[in-house]
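Coordinates from query.csv are shown below (CSV, C-alpha atoms).
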chain,number,residue,atom,x,y,z
A,15,MET,CA,125.2,139.3,80.4
A,16,SER,CA,122.6,136.8,79.6
A,17,ALA,CA,120.7,136.6,76.3
A,18,GLU,CA,116.9,136.7,76.1
A,19,PRO,CA,115.5,133.3,77.1
A,20,ARG,CA,114.4,131.2,74.2
A,21,LEU,CA,111.4,128.9,74.3
A,22,VAL,CA,112.3,125.3,73.6
A,23,GLU,CA,109.5,122.7,73.0
A,24,VAL,CA,109.8,119.6,75.1
A,25,ARG,CA,107.4,116.7,75.5
A,26,LYS,CA,108.0,114.8,78.7
A,27,ASN,CA,105.6,113.0,80.9
A,28,VAL,CA,106.7,113.8,84.4
A,29,LEU,CA,105.8,110.3,85.7
A,30,ARG,CA,107.6,108.7,82.8
A,31,GLN,CA,110.0,106.8,85.1
A,32,ASN,CA,107.2,105.3,87.1
A,33,ASP,CA,105.3,104.4,83.9
A,34,VAL,CA,108.3,102.7,82.4
A,35,VAL,CA,108.6,100.5,85.5
A,36,ALA,CA,104.9,99.9,85.6
A,37,ARG,CA,104.9,98.7,82.0
A,38,ALA,CA,107.8,96.4,82.7
A,39,LEU,CA,105.9,95.0,85.7
A,40,ARG,CA,102.8,94.5,83.6
A,41,GLU,CA,104.8,92.5,81.1
A,42,GLN,CA,106.4,90.5,83.9
A,43,TYR,CA,103.0,89.6,85.3
A,44,ARG,CA,101.7,88.6,81.9
A,45,GLN,CA,104.6,86.3,81.2
A,46,ALA,CA,104.3,84.7,84.7
A,47,GLY,CA,100.5,84.3,84.3
A,48,VAL,CA,99.8,86.0,87.6
A,49,PHE,CA,96.8,88.3,88.0
A,50,VAL,CA,97.6,91.3,90.1
A,51,VAL,CA,95.1,93.3,92.1
A,52,SER,CA,95.9,96.5,94.0
A,53,LEU,CA,93.8,98.0,96.8
A,54,VAL,CA,93.4,101.7,97.6
A,55,SER,CA,91.3,103.3,100.2
A,56,SER,CA,91.4,105.8,103.1
A,57,PRO,CA,93.1,104.6,106.3
A,58,GLY,CA,90.7,102.4,108.2
A,59,ALA,CA,88.4,101.4,105.4
A,60,GLY,CA,89.1,97.8,106.0
A,61,LYS,CA,91.8,96.9,103.4
A,62,THR,CA,93.7,94.6,105.6
A,63,ALA,CA,90.7,92.8,107.0
A,64,PHE,CA,89.4,92.4,103.5
A,65,LEU,CA,92.7,91.1,102.2
A,66,GLU,CA,93.1,88.7,105.2
A,67,LYS,CA,89.7,87.2,104.4
A,68,THR,CA,90.4,87.1,100.7
A,69,LEU,CA,93.8,85.5,101.1
A,70,THR,CA,92.6,82.9,103.6
A,71,LEU,CA,89.7,81.8,101.3
A,72,LEU,CA,91.7,81.9,98.0
A,73,HIS,CA,94.6,80.0,99.6
A,74,ALA,CA,92.6,76.8,99.7
A,75,ASN,CA,92.4,76.5,95.9
A,76,SER,CA,94.8,79.1,94.5
A,77,ARG,CA,98.4,80.2,94.9
A,78,VAL,CA,98.3,83.7,96.4
A,79,ALA,CA,100.7,86.3,97.8
A,80,ALA,CA,100.5,89.9,98.9
A,81,LEU,CA,102.5,93.0,99.3
A,82,VAL,CA,101.4,95.6,101.8
A,83,GLY,CA,102.5,99.2,101.9
A,84,ASP,CA,102.6,101.3,105.1
A,85,LEU,CA,104.5,104.3,106.3
A,86,ALA,CA,105.8,102.3,109.3
A,87,THR,CA,105.4,99.0,111.2
A,88,GLU,CA,105.1,95.5,109.9
A,89,ASN,CA,101.8,95.0,111.7
A,90,ASP,CA,99.8,94.4,108.5
A,91,ALA,CA,102.2,91.8,107.2
A,92,ALA,CA,102.1,90.0,110.5
A,93,ARG,CA,98.3,90.1,110.4
A,94,LEU,CA,98.1,88.9,106.8
A,95,ALA,CA,100.6,86.1,107.5
A,96,ARG,CA,97.9,84.4,109.5
A,97,SER,CA,96.3,83.6,106.1
A,98,MET,CA,99.3,81.3,105.4
A,99,ALA,CA,100.0,83.1,102.1
A,100,PRO,CA,103.4,84.6,101.5
A,101,VAL,CA,103.3,88.3,102.5
A,102,ARG,CA,105.9,91.1,102.3
A,103,GLN,CA,105.7,94.5,103.9
A,104,ILE,CA,106.8,97.6,102.0
A,105,ILE,CA,107.7,100.3,104.5
A,106,THR,CA,107.5,103.6,102.6
A,107,GLY,CA,108.9,105.9,105.4
A,108,THR,CA,107.4,109.3,104.7
A,109,VAL,CA,106.1,108.5,101.2
A,110,CYS,CA,102.3,108.6,101.1
A,111,HIS,CA,101.8,106.1,98.3
A,112,LEU,CA,103.4,103.1,96.5
A,113,GLU,CA,105.4,103.6,93.3
A,114,ALA,CA,106.0,101.0,90.7
A,115,ALA,CA,109.7,100.8,91.7
A,116,MET,CA,108.8,100.0,95.3
A,117,VAL,CA,106.7,97.1,94.1
A,118,GLN,CA,109.5,95.9,91.8
A,119,ASN,CA,112.0,95.9,94.6
A,120,ALA,CA,109.6,94.1,97.0
A,121,LEU,CA,109.1,91.4,94.4
A,122,GLN,CA,112.7,90.5,94.1
A,123,GLY,CA,113.4,86.8,94.7
A,124,TRP,CA,109.7,85.8,94.3
A,125,ASP,CA,108.9,83.4,91.4
A,126,LEU,CA,105.8,85.0,90.1
A,127,SER,CA,105.1,82.0,87.8
A,128,GLN,CA,104.3,80.1,91.0
A,129,LEU,CA,101.4,82.5,91.8
A,130,ASP,CA,97.8,82.8,90.5
A,131,PHE,CA,97.0,86.0,92.3
A,132,LEU,CA,99.2,88.7,93.8
A,133,PHE,CA,97.6,91.5,95.9
A,134,VAL,CA,99.2,94.9,96.4
A,135,GLU,CA,97.8,96.9,99.3
A,136,ASN,CA,98.6,100.6,98.9
A,137,VAL,CA,99.2,103.0,101.7
A,138,GLY,CA,95.9,104.2,103.2
A,139,ASN,CA,95.4,107.4,101.2
A,140,LEU,CA,92.7,108.5,98.8
A,141,VAL,CA,94.8,111.2,97.1
A,142,CYS,CA,98.4,110.4,96.1
A,143,PRO,CA,98.1,106.8,94.9
A,144,SER,CA,95.8,107.9,92.0
A,145,SER,CA,98.9,109.4,90.2
A,146,TYR,CA,100.9,106.1,90.1
A,147,ASP,CA,100.4,103.2,87.8
A,148,LEU,CA,101.7,100.0,89.6
A,149,GLY,CA,101.3,97.8,86.6
A,150,GLU,CA,98.3,96.0,88.2
A,151,ASN,CA,95.6,94.2,86.2
A,152,LEU,CA,92.8,95.4,88.5
A,153,ARG,CA,92.6,98.3,90.9
A,154,LEU,CA,90.1,98.2,93.7
A,155,VAL,CA,89.0,101.2,95.6
A,156,LEU,CA,87.4,100.4,99.0
A,157,LEU,CA,84.8,102.5,100.6
A,158,SER,CA,83.5,101.6,104.0
A,159,VAL,CA,79.9,102.3,105.0
A,160,THR,CA,81.1,104.3,108.0
A,161,GLU,CA,82.8,106.9,105.7
A,162,GLY,CA,79.7,108.4,104.2
A,163,GLU,CA,78.2,108.0,100.8
A,164,ASP,CA,79.8,111.1,99.3
A,165,LYS,CA,83.4,109.9,99.5
A,166,PRO,CA,83.5,109.4,95.7
A,167,LEU,CA,82.5,113.0,95.2
A,168,LYS,CA,85.1,114.2,97.6
A,169,TYR,CA,87.9,112.1,96.1
A,170,PRO,CA,86.9,111.7,92.4
A,171,THR,CA,90.4,111.2,91.1
A,172,ILE,CA,91.1,108.0,93.0
A,173,PHE,CA,87.7,106.6,92.0
A,174,ASN,CA,88.4,107.5,88.4
A,175,SER,CA,91.8,105.7,88.5
A,176,ALA,CA,90.3,102.5,89.9
A,177,ASP,CA,88.4,99.7,88.0
A,178,VAL,CA,86.1,98.4,90.7
A,179,ALA,CA,84.6,99.9,93.9
A,180,ILE,CA,84.2,97.6,96.9
A,181,ILE,CA,81.8,98.8,99.7
A,182,THR,CA,83.1,97.3,102.9
A,183,LYS,CA,81.7,96.9,106.5
A,184,MET,CA,78.2,96.1,105.2
A,185,ASP,CA,77.5,94.5,108.6
A,186,LEU,CA,77.4,98.1,109.9
A,187,ALA,CA,75.3,99.5,107.2
A,188,ALA,CA,72.0,99.6,109.1
A,189,ALA,CA,73.7,101.0,112.3
A,190,VAL,CA,75.1,104.0,110.4
A,191,GLU,CA,72.1,104.4,108.1
A,192,PHE,CA,74.2,103.9,105.0
A,193,ASP,CA,72.3,105.0,101.9
A,194,GLU,CA,73.3,102.4,99.4
A,195,GLN,CA,71.6,104.1,96.4
A,196,ALA,CA,73.3,107.4,97.1
A,197,ALA,CA,76.7,105.6,97.3
A,198,TYR,CA,76.1,103.9,93.9
A,199,ARG,CA,74.9,107.1,92.4
A,200,ASN,CA,78.0,109.0,93.6
A,201,VAL,CA,80.4,106.3,92.4
A,202,HIS,CA,78.8,106.3,88.9
A,203,ALA,CA,78.8,110.1,88.8
A,204,VAL,CA,82.6,110.1,89.0
A,205,ARG,CA,83.2,106.8,87.2
A,206,PRO,CA,80.3,105.9,84.9
A,207,GLY,CA,79.8,102.1,84.5
A,208,MET,CA,82.1,101.2,87.3
A,209,SER,CA,81.5,97.7,88.9
A,210,ILE,CA,80.5,97.9,92.5
A,211,LEU,CA,80.5,95.0,95.0
A,212,LYS,CA,79.4,95.2,98.6
A,213,LEU,CA,80.6,92.9,101.4
A,214,SER,CA,81.5,92.4,105.0
A,215,SER,CA,84.8,90.9,105.8
A,216,LYS,CA,83.5,90.3,109.3
A,217,SER,CA,80.3,88.5,108.5
A,218,GLY,CA,81.5,87.1,105.2
A,219,GLU,CA,78.4,88.5,103.4
A,220,GLY,CA,79.3,89.2,99.7
A,221,VAL,CA,82.8,87.8,100.0
A,222,GLN,CA,82.0,84.7,97.8
A,223,ALA,CA,80.5,87.0,95.1
A,224,PHE,CA,83.7,89.0,95.1
A,225,LEU,CA,85.9,85.8,94.8
A,226,ASP,CA,83.7,84.7,91.8
A,227,PHE,CA,84.1,88.1,90.3
A,228,LEU,CA,87.8,88.0,90.8
A,229,GLY,CA,88.0,84.6,89.1
A,230,GLU,CA,86.0,85.9,86.1
A,231,GLN,CA,88.3,88.9,85.8
A,232,ARG,CA,91.4,86.6,85.9
A,233,SER,CA,89.9,84.3,83.2
A,234,ARG,CA,89.0,87.3,81.1
A,235,CYS,CA,92.5,88.7,81.4
A,236,ARG,CA,94.0,85.3,80.4
A,237,ARG,CA,91.7,85.0,77.4
A,238,THR,CA,92.7,88.5,76.2
A,239,THR,CA,96.4,87.7,76.7
A,240,GLU,CA,96.1,84.4,74.8
A,241,ALA,CA,94.1,86.0,72.0
A,242,ALA,CA,96.7,88.7,71.7
A,243,ALA,CA,99.5,86.1,71.6
A,244,TRP,CA,97.5,84.1,69.0
A,245,THR,CA,97.0,87.2,66.8
A,246,ALA,CA,100.7,88.0,67.1
A,247,THR,CA,101.8,84.6,65.8
B,24,MET,CA,101.0,115.3,99.5
B,25,HIS,CA,103.1,113.8,96.7
B,26,GLU,CA,103.5,117.2,94.9
B,27,LEU,CA,107.0,117.7,96.4
B,28,SER,CA,108.4,114.5,94.9
B,29,ILE,CA,106.7,115.4,91.6
B,30,ALA,CA,108.2,118.9,91.7
B,31,MET,CA,111.6,117.4,92.3
B,32,SER,CA,111.2,115.2,89.3
B,33,ILE,CA,110.2,118.2,87.2
B,34,VAL,CA,113.3,120.1,88.4
B,35,GLU,CA,115.5,117.1,87.6
B,36,MET,CA,114.0,116.6,84.1
B,37,ALA,CA,114.4,120.3,83.3
B,38,GLU,CA,118.0,120.3,84.4
B,39,GLU,CA,118.7,117.3,82.2
B,40,GLU,CA,117.0,118.9,79.2
B,41,ALA,CA,118.8,122.2,79.7
B,42,ALA,CA,122.1,120.5,80.0
B,43,ALA,CA,121.5,118.4,76.9
B,44,ARG,CA,120.8,121.7,75.0
B,45,GLY,CA,123.9,123.4,76.4
B,46,SER,CA,121.9,125.9,78.4
B,47,ALA,CA,123.0,127.2,81.7
B,48,ARG,CA,119.8,128.8,82.9
B,49,VAL,CA,116.2,127.6,83.0
B,50,HIS,CA,113.9,130.7,83.3
B,51,ALA,CA,110.7,128.8,83.2
B,52,VAL,CA,109.2,125.3,82.9
B,53,HIS,CA,105.8,125.0,81.1
B,54,LEU,CA,103.6,122.2,82.2
B,55,ARG,CA,100.2,120.8,81.1
B,56,LEU,CA,98.2,119.6,84.1
B,57,GLY,CA,94.9,117.7,83.9
B,58,PRO,CA,92.5,117.3,86.9
B,59,LEU,CA,92.7,113.5,86.7
B,60,SER,CA,96.5,113.5,87.2
B,61,GLY,CA,95.8,113.6,91.0
B,62,VAL,CA,98.1,116.6,91.3
B,63,VAL,CA,96.9,119.9,92.9
B,64,LYS,CA,98.1,123.0,91.1
B,65,GLU,CA,98.6,125.2,94.2
B,66,ALA,CA,100.5,122.5,96.0
B,67,LEU,CA,102.7,121.9,93.0
B,68,LEU,CA,103.5,125.6,92.6
B,69,SER,CA,104.7,125.9,96.2
B,70,SER,CA,106.5,122.6,96.0
B,71,PHE,CA,108.3,123.7,92.8
B,72,GLU,CA,109.6,126.7,94.6
B,73,MET,CA,111.0,124.5,97.4
B,74,ALA,CA,112.4,122.0,94.9
B,75,CYS,CA,114.2,124.8,93.0
B,76,ALA,CA,115.9,126.2,96.1
B,77,ALA,CA,119.6,125.7,96.1
B,78,SER,CA,119.4,124.0,92.7
B,79,PRO,CA,120.4,125.3,89.2
B,80,LEU,CA,116.8,126.2,88.7
B,81,GLU,CA,116.6,128.6,91.7
B,82,GLY,CA,114.4,131.5,90.7
B,83,SER,CA,112.7,129.8,87.7
B,84,GLN,CA,109.0,129.9,87.2
B,85,LEU,CA,106.5,127.0,86.8
B,86,VAL,CA,103.9,128.0,84.2
B,87,ILE,CA,100.9,125.7,84.5
B,88,GLU,CA,98.4,125.3,81.7
B,89,GLU,CA,95.3,123.6,83.1
B,90,VAL,CA,93.8,121.1,80.7
B,91,PRO,CA,90.0,120.4,81.0
B,92,ILE,CA,88.7,116.9,81.0
B,93,MET,CA,87.4,115.8,77.6
B,94,VAL,CA,85.4,112.6,77.1
B,95,PHE,CA,84.1,110.9,74.0
B,96,CYS,CA,80.3,110.9,74.1
B,97,SER,CA,79.1,107.8,72.2
B,98,THR,CA,75.5,109.2,71.9
B,99,CYS,CA,76.6,112.5,70.3
B,100,GLN,CA,79.6,110.8,68.6
B,101,ALA,CA,81.7,113.8,69.6
B,102,ALA,CA,84.5,114.9,72.0
B,103,ARG,CA,82.9,116.8,74.9
B,104,ARG,CA,84.2,118.8,77.8
B,105,VAL,CA,82.8,117.5,81.1
B,106,ALA,CA,81.4,120.1,83.6
B,107,SER,CA,83.2,118.6,86.6
B,108,LEU,CA,85.2,115.8,88.0
B,109,GLN,CA,82.0,114.9,90.0
B,110,TRP,CA,79.9,114.5,86.9
B,111,MET,CA,81.6,112.6,84.1
B,112,CYS,CA,78.8,113.1,81.7
B,113,CYS,CA,78.2,114.7,78.3
B,114,PRO,CA,77.1,118.3,78.9
B,115,GLU,CA,74.9,118.2,75.8
B,116,CYS,CA,72.9,115.0,76.1
B,117,GLY,CA,73.7,114.0,79.7
B,118,ALA,CA,75.0,110.5,78.8
B,119,PRO,CA,77.6,109.2,81.1
B,120,SER,CA,81.0,108.5,79.5
B,121,GLN,CA,84.0,106.6,80.8
B,122,ASP,CA,86.0,107.2,77.6
B,123,VAL,CA,88.4,109.8,78.8
B,124,LEU,CA,90.3,111.6,76.0
B,125,GLN,CA,92.1,114.1,78.0
B,126,GLY,CA,92.6,115.2,81.6
B,127,LYS,CA,95.3,112.9,83.0
B,128,GLU,CA,98.2,115.1,81.7
B,129,LEU,CA,101.2,115.8,83.8
B,130,GLU,CA,103.7,116.7,81.2
B,131,ILE,CA,106.5,119.3,80.6
B,132,THR,CA,105.7,120.9,77.3
B,133,ALA,CA,108.4,123.6,77.0
B,134,LEU,CA,111.4,125.2,78.7
B,135,GLU,CA,112.5,128.8,78.6
B,136,LEU,CA,116.3,128.7,78.4
B,137,SER,CA,119.3,131.0,78.0
B,138,GLU,CA,123.0,130.4,77.7
Take the structure from the file and write it as structure tokens.
Amino acid sequence: MSAEPRLVEVRKNVLRQNDVVARALREQYRQAGVFVVSLVSSPGAGKTAFLEKTLTLLHANSRVAALVGDLATENDAARLARSMAPVRQIITGTVCHLEAAMVQNALQGWDLSQLDFLFVENVGNLVCPSSYDLGENLRLVLLSVTEGEDKPLKYPTIFNSADVAIITKMDLAAAVEFDEQAAYRNVHAVRPGMSILKLSSKSGEGVQAFLDFLGEQRSRCRRTTEAAAWTAT
Amino acid sequence: MHELSIAMSIVEMAEEEAAARGSARVHAVHLRLGPLSGVVKEALLSSFEMACAASPLEGSQLVIEEVPIMVFCSTCQAARRVASLQWMCCPECGAPSQDVLQGKELEITALELSE
């Protein structure tokens, strides 16, 4: 015979475990002085091409590395290795997103203090990655011109979880009659004030502006960290 | 579809909490869910049923309280409930706001337990 159930108050964040690891990663990045950028998008939006271009250009003057997540194959890591930057593949199996612990495992053995930038490419998915903090300093959401201007309205949560929107494949904009204004309007409807950059990894248009933006973001992050350290002492 | 792994975490956490309180049975798990959590209610409900099967929580209910998105409107200087995920603006003055006060919740708030 069982007694009447009693209601017991509990306050538990379901993703607490992930958040704890993400917080530890963030602290690890801060101490190492590395600026960590993650990328999310639908499959085929051009994450890998964008990353290959970025790594190749940054590699000339900065110390860069990347982690790439996919359900299967090491194709992306092989492709990115052409940039000459250290790259590791995270194979998630059936998991449709990266979690902080996967990033932590993949980073084992890497001396982060030897890096200026670390890129983390998530699995191509506009839904699940939005729930998981990876401890990154900056989250980019990529939207290619071929996907349609209303992508942000269809997947508002991922746009809301990101810091910057990158419109890719601008070299195809005219061919697909991409409505830039509508895209900007839709991004800002779901995430007011979000920074938007547009570029083409193929033609190189807009890539330098992105690299400059990235440099500024890194300096700003360092200044904030130093100011916080100064205040603490 | 990451709801199943989330449902499994919920089951695991509920089991731990129940064990810590010396309870043998979990009748229900109460959860607060915000639209910005990236978790879909219907998918979570069916995943919860699957995650409970053949576990000590078999037959227990997931009671979801949906939490609306609230932002701070700097024009009105007030907390406001936004009309939709697709329009993160103050419903009174129309000013856009990125200052999200509530809506990312994915948390267990209570358990219904018995000995």
Close residues, Asn151 (chain A) itself excluded, 10 Å, only C-alpha atoms, min 4 positions apart in chain, as a list in words: Arg40, Tyr43, Arg44, Val48, Phe49, Val50, Val51, Ser52, Asp177, Gln231, Arg232 and Cys235 of chain A
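The residue set within 9 Å of region 113-124 of chain A, counting only C-alpha atoms and dropping same-chain residues fewer than 5 places from it, reads A:Gln31, A:Asn32, A:Asp33, A:Val34, A:Val35, A:Ala36, A:Leu39, A:Leu81, A:Arg102, A:Gln103, A:Ile104, A:Thr106, A:Val134, A:Pro143, A:Tyr146, A:Asp147, A:Leu148, A:Gly149.
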Can I get the selection written as a PDB file, in the coordinates of the input, with C-alpha atoms?
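Resulting contents of selection-v4.pdb:
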ATOM      1  CA  GLN A  31     110.000 106.800  85.100  1.00  0.00           C
ATOM      2  CA  ASN A  32     107.200 105.300  87.100  1.00  0.00           C
ATOM      3  CA  ASP A  33     105.300 104.400  83.900  1.00  0.00           C
ATOM      4  CA  VAL A  34     108.300 102.700  82.400  1.00  0.00           C
ATOM      5  CA  VAL A  35     108.600 100.500  85.500  1.00  0.00           C
ATOM      6  CA  ALA A  36     104.900  99.900  85.600  1.00  0.00           C
ATOM      7  CA  LEU A  39     105.900  95.000  85.700  1.00  0.00           C
ATOM      8  CA  LEU A  81     102.500  93.000  99.300  1.00  0.00           C
ATOM      9  CA  ARG A 102     105.900  91.100 102.300  1.00  0.00           C
ATOM     10  CA  GLN A 103     105.700  94.500 103.900  1.00  0.00           C
ATOM     11  CA  ILE A 104     106.800  97.600 102.000  1.00  0.00           C
ATOM     12  CA  THR A 106     107.500 103.600 102.600  1.00  0.00           C
ATOM     13  CA  VAL A 134      99.200  94.900  96.400  1.00  0.00           C
ATOM     14  CA  PRO A 143      98.100 106.800  94.900  1.00  0.00           C
ATOM     15  CA  TYR A 146     100.900 106.100  90.100  1.00  0.00           C
ATOM     16  CA  ASP A 147     100.400 103.200  87.800  1.00  0.00           C
ATOM     17  CA  LEU A 148     101.700 100.000  89.600  1.00  0.00           C
ATOM     18  CA  GLY A 149     101.300  97.800  86.600  1.00  0.00           C
TER      19      GLY A 149
END
Tell me the residues of chain A close to chain B, meaning within 12 Å using all atoms listed in the file, as a PyMOL selection string. chain A and resi 15-32+108-113+139-147+164-177+199-208
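If you look at CA of Val159 (chain A) and CA of Asp90 (chain A), they are 21.7 Å away from each other.
Using only C-alpha atoms for every distance, the candidate list A:Ala46, A:Leu157, A:Ala91, A:Ile210 yields A:Ala46 as the residue closest to Asp125 (chain A).
Going from CA of Arg104 (chain B) over to CA of Tyr198 (chain A), you cover 23.4 Å.
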